[in-house]
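Comments concern the structure below.
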Amino acid sequence: MHALVSEFLATPGAVRDAVAEFGSPAHLVFPQVFAENVERLRAVPAARAPGFRICYAHKVNQSRAFVATARAAGISIDVASEAELRGALKAGFEPERIEVTGPKGEGLLGALVGTGVTINVDNLWELERIAALADIPVPVLVRICGFPGTPVSRFGVPLTDSEQLLAMLSSQRDRIEFRGFAFHLDSGEPAERVRAVESCLELTERAYGYGLTPTVLNIGGGFRQVFTADAGAFDAYVHALRESLVGRGEQMAWGANTFGFHVEDGAVHGTPVFHKYANIVDADRMLADLLDTGLESQGGRSFAQVAGENLLDIWLEPGKALVDHAGITVARVEFVKRTADGSTLVNLDLSRDTVTPADQEVMVDPILLPARTGADEPVSVPGDPNPDAAGVFLAGRLCLERDLITNHKVWLPRYPQSGDFVVFPNTAAYHMDLSAARASMHPVPPKLAVSRESGMFRVCCDVDWHEVH
Ligand SMILES: Cc1ncc(COP(=O)(O)O)c(C=O)c1O
């Protein structure tokens with residue numbers, strides 16, 4: 001956890017007061033942590049590449065405080081809808097600092113053309129429509145996919161269509177201001193990114209032959225978060241989980257859950273569906289490694305060097321890396337109950353989709369905060385060895401048998417009581433907003449911004465947050 005977040009949680013009454021004022025459950029974002037992430041990441045290309053641009057991928061979180069912080073930090077923004085675009089403009093981003101990514105329909109394209117924002121084109125239809133709608137040249141990047149050894153993607157123009165693409169860009173030069181190629185990979189695999197860079201550099205060279213003058217190579221997002229300082233402990237946990245699936249050791253899964261593992265003949269096969277929590281390579285390191293990689297196709301020169309020599313600006317679209325450790329979710333314990341198989345369910349005033357992106361099991365240990373923090377009840381720290389730890393499943397709202405908040409057992413320092421709080425750490429990246437629905441007409445939890453000013457924590461509605469200098 002970031003020190004600022006730990007200190008907030010350790011401040012007596014801080015969580016209780018926030019929830020008393022704004023309600024429970026609640027998402028809390030920490031713009032100062034976001035700002036630190038920006039500075040750390042920005043230092044990496046600043047030391048290596050003459051031209052670069054960081055576009056904050058807004059889709060990772062709907063927080064206005066994050067958008068305002070990105071603007072104040074002087075970076076750019078990547079928006080993926082009209083609403084995100086409106087938010088960026090309202091926060092004060094000039095069109096030159098806005099890039100629009102993702103597949104777009106006729107309505108969005110119509111709203112974008114003529115505004116000066118850069119459209120990161122997903123497909124040839126979009127390109128055609130932009131050319132048809134444009135009165136003045138529209139700044140455009142083109143997302144490419146289908147790199148050697150990369151899984152098939154539903155986004156972007158396949159590399160195999162590059163001939164047609166270059167011909168179109170060339171013939172529409174009076175309507176399309178082609179700025180360069182882009183990619184965004186789903187994977188954090190460094191070798192895949194290097195292959196994508198090499199393919200896009202080669203395409204860039206070919207583009208010059210078509211009379212085009214690309215000046216940007218956009219390498220997308222996908223820079224990883226670091227959820228744990230101890231990768232070995234997480235690996236040991238996964239080992240124990242696998243053992244439990246074949247009946248060895250304590251039961252660790254609710255019902256018939258196998259988390260993507262395939263159990264057959266008393267053995268566990270396959271890979272889990274959950275995130276790579278054991279990763280300890282942070283976004284800064286990933287980016288530094290990529291920029292420093294010697295490219296075989298470029299005579300071994302580093303990516304940063306090749307970009308500099310060819311006057312190519314490197315753009316990136318980090319989402320999760322910029323919000324890493326910059327958000328938590330707080331819920332209240334309603335009641336604790338025992339099920340027929342002897343399991344303990346802790347029911348929270350929260351639903352699975354409010355903290356779970358795309359229904360992917362979140363394996364980060366929650367933290368139990370007693371309703372009343374007293375000297376005899378210290379704030380629990382995840383991973384604390386505790387012989388009295390209570391193994392429980394967290395349940396909550398929603399109604400399907402499988403929609404518990406945790407389908408894996410979590411260990412709390414003791415059995416919670418009604419009124420205690422459970423805090424989910426590091427939820428700012430996609431957890432808060434990607435899947436949250438309003439089933440049973442429960443409202444979406446409020447989003448609050450927490451900042452420390454003059455040594456005191458200030459909590460306000462995210463939409464009301466502004467930086468205090
Ligand atoms: C085009 C594009 N760029 C950037 C991002 C941000 O990715 P991440 O949060 O992995 O950095 C996404 C996420 O889906 C995306 O689709």
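Every chain in the structure tokens has a letter given in the order shown (A, B, ...), and although residue numbers restart at 1 in each chain, ligands are simply numbered from 1 in the order shown.
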
So that I can check the surroundings of range 211-214 of chain A, please list as an MDAnalysis selection string every protein, DNA and RNA residue that reaches within 7 Å of it, counting only C-alpha atoms and ignoring chain neighbours fewer than 3 positions away. chainID A and resid 170 178:180 204 207:208

When the cut-off is 10 Å and you count only C-alpha atoms and all ligand atoms, which residues lie near ligand 1, shown as a compact mmCIF listing (two decimals) with C-alpha atoms, in the first residue's frame?
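Final output, selection.txt:
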```
# COMPACT_ATOMS: atom_id res chain seq x y z
CA CYS A 55 -1.96 10.28 -22.36
CA TYR A 56 -3.81 9.21 -19.21
CA ALA A 57 -6.26 6.46 -20.20
CA HIS A 58 -9.40 7.89 -18.59
CA LYS A 59 -11.36 4.64 -18.93
CA VAL A 60 -9.48 3.14 -15.99
CA ASN A 61 -11.50 5.26 -13.55
CA ASP A 78 -6.91 9.39 -23.85
CA VAL A 79 -10.71 9.31 -23.92
CA ALA A 80 -12.92 6.53 -25.24
CA GLU A 99 -6.61 11.64 -28.03
CA VAL A 100 -9.70 9.52 -28.71
CA THR A 101 -9.18 5.76 -28.78
CA GLY A 102 -11.29 2.65 -29.19
CA PRO A 103 -13.84 1.72 -31.86
CA ASN A 120 -6.80 7.11 -32.93
CA ASP A 122 -9.57 1.58 -35.12
CA ARG A 143 -4.03 1.56 -34.45
CA PHE A 155 -9.08 -3.79 -32.20
CA GLY A 156 -7.04 -2.06 -34.88
CA ALA A 182 -0.39 3.18 -32.64
CA PHE A 183 -0.87 -0.09 -30.85
CA HIS A 184 -2.20 -1.23 -27.49
CA LEU A 185 -1.55 -4.76 -26.32
CA ASP A 186 -3.60 -6.66 -23.81
CA SER A 187 -0.49 -8.42 -22.59
CA GLY A 188 2.28 -7.21 -20.30
CA ASN A 218 1.93 5.41 -29.84
CA ILE A 219 2.74 2.34 -27.75
CA GLY A 220 -0.55 2.28 -25.81
CA GLY A 221 -0.95 1.23 -22.19
CA GLY A 222 -0.63 -2.10 -20.44
CA PHE A 223 2.09 -1.03 -18.01
CA ARG A 224 1.63 -3.22 -15.00
CA GLN A 225 0.66 -2.53 -11.44
CA ALA A 283 5.44 0.33 -14.91
CA LEU A 316 1.87 6.14 -24.29
CA GLU A 317 -1.60 5.60 -22.83
CA PRO A 318 -1.15 4.29 -19.30
CA GLY A 319 -4.30 3.67 -17.31
CA LYS A 320 -3.76 1.26 -14.46
CA ALA A 321 -0.13 2.30 -13.93
CA LEU A 322 -1.16 5.88 -13.15
CA VAL A 323 -3.85 4.89 -10.67
CA ASP A 324 -1.84 2.12 -9.03
CA ALA A 429 -7.75 0.53 -11.72
CA TYR A 430 -10.97 -0.70 -13.36
```

If you run DSSP on this backbone, which residues of range 265-382 of chain A come out as alpha helix (DSSP H), and could you give them as a ChimeraX atom specification? /A:283-292,303-309,320-323

Dump of N, CA and C atoms for the selected residues, as a PDB file, in the first residue's frame:
```pdb
ATOM      1  N   ALA A 283       5.643  -0.293 -13.604  1.00  0.00           N
ATOM      2  CA  ALA A 283       5.442   0.330 -14.913  1.00  0.00           C
ATOM      3  C   ALA A 283       6.693   1.095 -15.357  1.00  0.00           C
ATOM      4  N   ASP A 284       7.345   1.757 -14.412  1.00  0.00           N
ATOM      5  CA  ASP A 284       8.524   2.557 -14.764  1.00  0.00           C
ATOM      6  C   ASP A 284       9.618   1.659 -15.332  1.00  0.00           C
ATOM      7  N   ARG A 285       9.804   0.533 -14.668  1.00  0.00           N
ATOM      8  CA  ARG A 285      10.841  -0.428 -15.104  1.00  0.00           C
ATOM      9  C   ARG A 285      10.467  -0.991 -16.481  1.00  0.00           C
ATOM     10  N   MET A 286       9.173  -1.342 -16.641  1.00  0.00           N
ATOM     11  CA  MET A 286       8.729  -1.901 -17.939  1.00  0.00           C
ATOM     12  C   MET A 286       9.000  -0.916 -19.065  1.00  0.00           C
ATOM     13  N   LEU A 287       8.672   0.356 -18.801  1.00  0.00           N
ATOM     14  CA  LEU A 287       8.850   1.372 -19.835  1.00  0.00           C
ATOM     15  C   LEU A 287      10.337   1.604 -20.103  1.00  0.00           C
ATOM     16  N   ALA A 288      11.118   1.673 -19.040  1.00  0.00           N
ATOM     17  CA  ALA A 288      12.564   1.878 -19.201  1.00  0.00           C
ATOM     18  C   ALA A 288      13.159   0.728 -20.014  1.00  0.00           C
ATOM     19  N   ASP A 289      12.763  -0.489 -19.670  1.00  0.00           N
ATOM     20  CA  ASP A 289      13.303  -1.653 -20.392  1.00  0.00           C
ATOM     21  C   ASP A 289      12.934  -1.591 -21.866  1.00  0.00           C
ATOM     22  N   LEU A 290      11.688  -1.194 -22.144  1.00  0.00           N
ATOM     23  CA  LEU A 290      11.248  -1.132 -23.537  1.00  0.00           C
ATOM     24  C   LEU A 290      12.046  -0.068 -24.301  1.00  0.00           C
ATOM     25  N   LEU A 291      12.196   1.094 -23.699  1.00  0.00           N
ATOM     26  CA  LEU A 291      12.906   2.182 -24.385  1.00  0.00           C
ATOM     27  C   LEU A 291      14.387   1.843 -24.582  1.00  0.00           C
ATOM     28  N   ASP A 292      14.935   1.042 -23.663  1.00  0.00           N
ATOM     29  CA  ASP A 292      16.359   0.698 -23.741  1.00  0.00           C
ATOM     30  C   ASP A 292      16.628  -0.548 -24.581  1.00  0.00           C
ATOM     31  N   PHE A 303      15.266   1.490 -28.804  1.00  0.00           N
ATOM     32  CA  PHE A 303      14.012   2.077 -29.284  1.00  0.00           C
ATOM     33  C   PHE A 303      14.055   3.599 -29.095  1.00  0.00           C
ATOM     34  N   ALA A 304      14.513   4.041 -27.918  1.00  0.00           N
ATOM     35  CA  ALA A 304      14.553   5.492 -27.654  1.00  0.00           C
ATOM     36  C   ALA A 304      15.455   6.199 -28.664  1.00  0.00           C
ATOM     37  N   GLN A 305      16.602   5.560 -28.952  1.00  0.00           N
ATOM     38  CA  GLN A 305      17.560   6.142 -29.893  1.00  0.00           C
ATOM     39  C   GLN A 305      16.950   6.243 -31.301  1.00  0.00           C
ATOM     40  N   VAL A 306      16.307   5.160 -31.733  1.00  0.00           N
ATOM     41  CA  VAL A 306      15.721   5.138 -33.082  1.00  0.00           C
ATOM     42  C   VAL A 306      14.628   6.213 -33.182  1.00  0.00           C
ATOM     43  N   ALA A 307      13.823   6.313 -32.136  1.00  0.00           N
ATOM     44  CA  ALA A 307      12.749   7.321 -32.152  1.00  0.00           C
ATOM     45  C   ALA A 307      13.360   8.717 -32.247  1.00  0.00           C
ATOM     46  N   GLY A 308      14.372   8.971 -31.459  1.00  0.00           N
ATOM     47  CA  GLY A 308      15.019  10.284 -31.459  1.00  0.00           C
ATOM     48  C   GLY A 308      15.616  10.613 -32.816  1.00  0.00           C
ATOM     49  N   GLU A 309      16.325   9.669 -33.388  1.00  0.00           N
ATOM     50  CA  GLU A 309      16.992   9.919 -34.676  1.00  0.00           C
ATOM     51  C   GLU A 309      15.989  10.172 -35.796  1.00  0.00           C
ATOM     52  N   LYS A 320      -3.906   1.846 -15.802  1.00  0.00           N
ATOM     53  CA  LYS A 320      -3.757   1.255 -14.462  1.00  0.00           C
ATOM     54  C   LYS A 320      -2.461   1.674 -13.773  1.00  0.00           C
ATOM     55  N   ALA A 321      -1.407   1.925 -14.566  1.00  0.00           N
ATOM     56  CA  ALA A 321      -0.135   2.296 -13.928  1.00  0.00           C
ATOM     57  C   ALA A 321      -0.246   3.647 -13.220  1.00  0.00           C
ATOM     58  N   LEU A 322      -1.056   4.552 -13.768  1.00  0.00           N
ATOM     59  CA  LEU A 322      -1.158   5.881 -13.153  1.00  0.00           C
ATOM     60  C   LEU A 322      -2.068   5.889 -11.920  1.00  0.00           C
ATOM     61  N   VAL A 323      -2.962   4.915 -11.843  1.00  0.00           N
ATOM     62  CA  VAL A 323      -3.848   4.892 -10.665  1.00  0.00           C
ATOM     63  C   VAL A 323      -3.437   3.807  -9.671  1.00  0.00           C
TER      64      VAL A 323
END
```

Please identify all polymer residues within 10 Å of range 442-446 of chain A, counting only C-alpha atoms, omitting same-chain residues fewer than 3 positions from it, and present them as a PyMOL selection string. chain A and resi 19+22-28+329-331+349-351+354+397-398+432-433+436-439+461-462

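With distances restricted to only C-alpha atoms, A:Glu96 is the closest residue to Val140 in chain A from A:Glu36, A:Glu96, A:Glu334, A:Glu163.
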
For Asn407 in chain A, which residue out of A:Gln298, A:Thr11, A:Thr150, A:Ser343 is the nearest one, using only C-alpha atoms?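 With only C-alpha atoms as the atom set, the closest residue is A:Ser343.
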
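Residue nearest Phe30 in chain A within the list A:Arg206, A:Arg64, A:Arg195, A:Arg42: A:Arg64 [criterion: smallest interatomic distance, only C-alpha atoms].
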
Near Asp341 in chain A, counting only C-alpha atoms, which residues have an atom at most 12 Å away, once you skip same-chain residues fewer than 2 positions from it, shown as a PDB file with C-alpha atoms, in the first residue's frame?
```pdb
ATOM      1  CA  GLN A 251     -10.903 -25.766   1.815  1.00  0.00           C
ATOM      2  CA  TRP A 254     -16.492 -21.401  -2.259  1.00  0.00           C
ATOM      3  CA  GLY A 255     -18.628 -24.082  -3.874  1.00  0.00           C
ATOM      4  CA  LYS A 337     -23.413 -16.178   9.164  1.00  0.00           C
ATOM      5  CA  ARG A 338     -22.524 -19.826   9.029  1.00  0.00           C
ATOM      6  CA  THR A 339     -23.472 -21.983   6.009  1.00  0.00           C
ATOM      7  CA  SER A 343     -18.121 -21.956   6.101  1.00  0.00           C
ATOM      8  CA  THR A 344     -18.370 -18.442   7.482  1.00  0.00           C
ATOM      9  CA  LEU A 345     -19.885 -15.740   5.283  1.00  0.00           C
TER      10      LEU A 345
END
```

Record the distance separating CA of Trp465 in chain A and CA of Ala10 in chain A, expressed in Å with one decimal.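 Rounded to one decimal, the two atoms are 22.4 Å apart.
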
What separation in Å, quoted to one decimal, exists between CA of Glu205 in chain A and CA of Thr293 in chain A? 19.4 Å

With DSSP run on the backbone, what are the strand (DSSP E or B) residues within range 29-192 of chain A? I'd like them as JSON, numbers by chain. {"A": [29, 52, 53, 54, 55, 56, 57, 76, 77, 78, 79, 98, 99, 100, 118, 119, 120, 121, 138, 139, 140, 141, 142, 143, 144, 145, 157, 158, 176, 177, 178, 179, 180, 181, 182]}

Which one of A:Arg48, A:Gly105, A:Ala72, A:Met252 sits closest to Ala91 in chain A if you count only C-alpha atoms?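 The answer is A:Ala72, which sits nearest to Ala91 in chain A.
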
Excluding Asp230 in chain A and residues on its chain fewer than 6 positions from it, collect all residues at most 10 Å away from it, counting only C-alpha atoms, and give them as a PyMOL selection string. chain A and resi 277-280

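Neighbours of Ala88 in chain A closer than or equal to 10 Å, with only C-alpha atoms counted and sequence neighbours fewer than 3 positions away skipped, come out as His58, Arg64, Val67, Ala68, Ala70, Arg71, Ser76, Ile77, Asp78, Val79, Glu82, Ala83, Glu84, Leu85, Ala91, Gly92, Phe93, Glu94, Pro95, Arg97 and Ile98 of chain A.
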
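For the atom pair formed by CA of Asp403 in chain A and CA of Asp359 in chain A, the distance is 8.9 Å, given to one decimal.
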
List the neighbours of Asn426 in chain A out to 6 Å using only C-alpha atoms; skip same-chain residues closer than 3 positions along the sequence, and give me the result as a list of chain:residue names.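 Near Asn426 in chain A, the qualifying residues are A:His325, A:Gly327, A:Ile328.
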
Save the residues we just selected, N, CA and C atoms, as a PDB file, in the first residue's frame?
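The file below, selection23.pdb, is the result:
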```pdb
ATOM      1  N   HIS A 325      -2.376   1.962  -6.681  1.00  0.00           N
ATOM      2  CA  HIS A 325      -2.373   2.302  -5.240  1.00  0.00           C
ATOM      3  C   HIS A 325      -3.040   3.647  -4.937  1.00  0.00           C
ATOM      4  N   GLY A 327      -6.342   4.235  -4.948  1.00  0.00           N
ATOM      5  CA  GLY A 327      -7.754   4.116  -4.595  1.00  0.00           C
ATOM      6  C   GLY A 327      -8.031   2.912  -3.712  1.00  0.00           C
ATOM      7  N   ILE A 328      -9.026   3.035  -2.861  1.00  0.00           N
ATOM      8  CA  ILE A 328      -9.469   1.917  -2.029  1.00  0.00           C
ATOM      9  C   ILE A 328     -10.999   1.923  -2.019  1.00  0.00           C
TER      10      ILE A 328
END
```
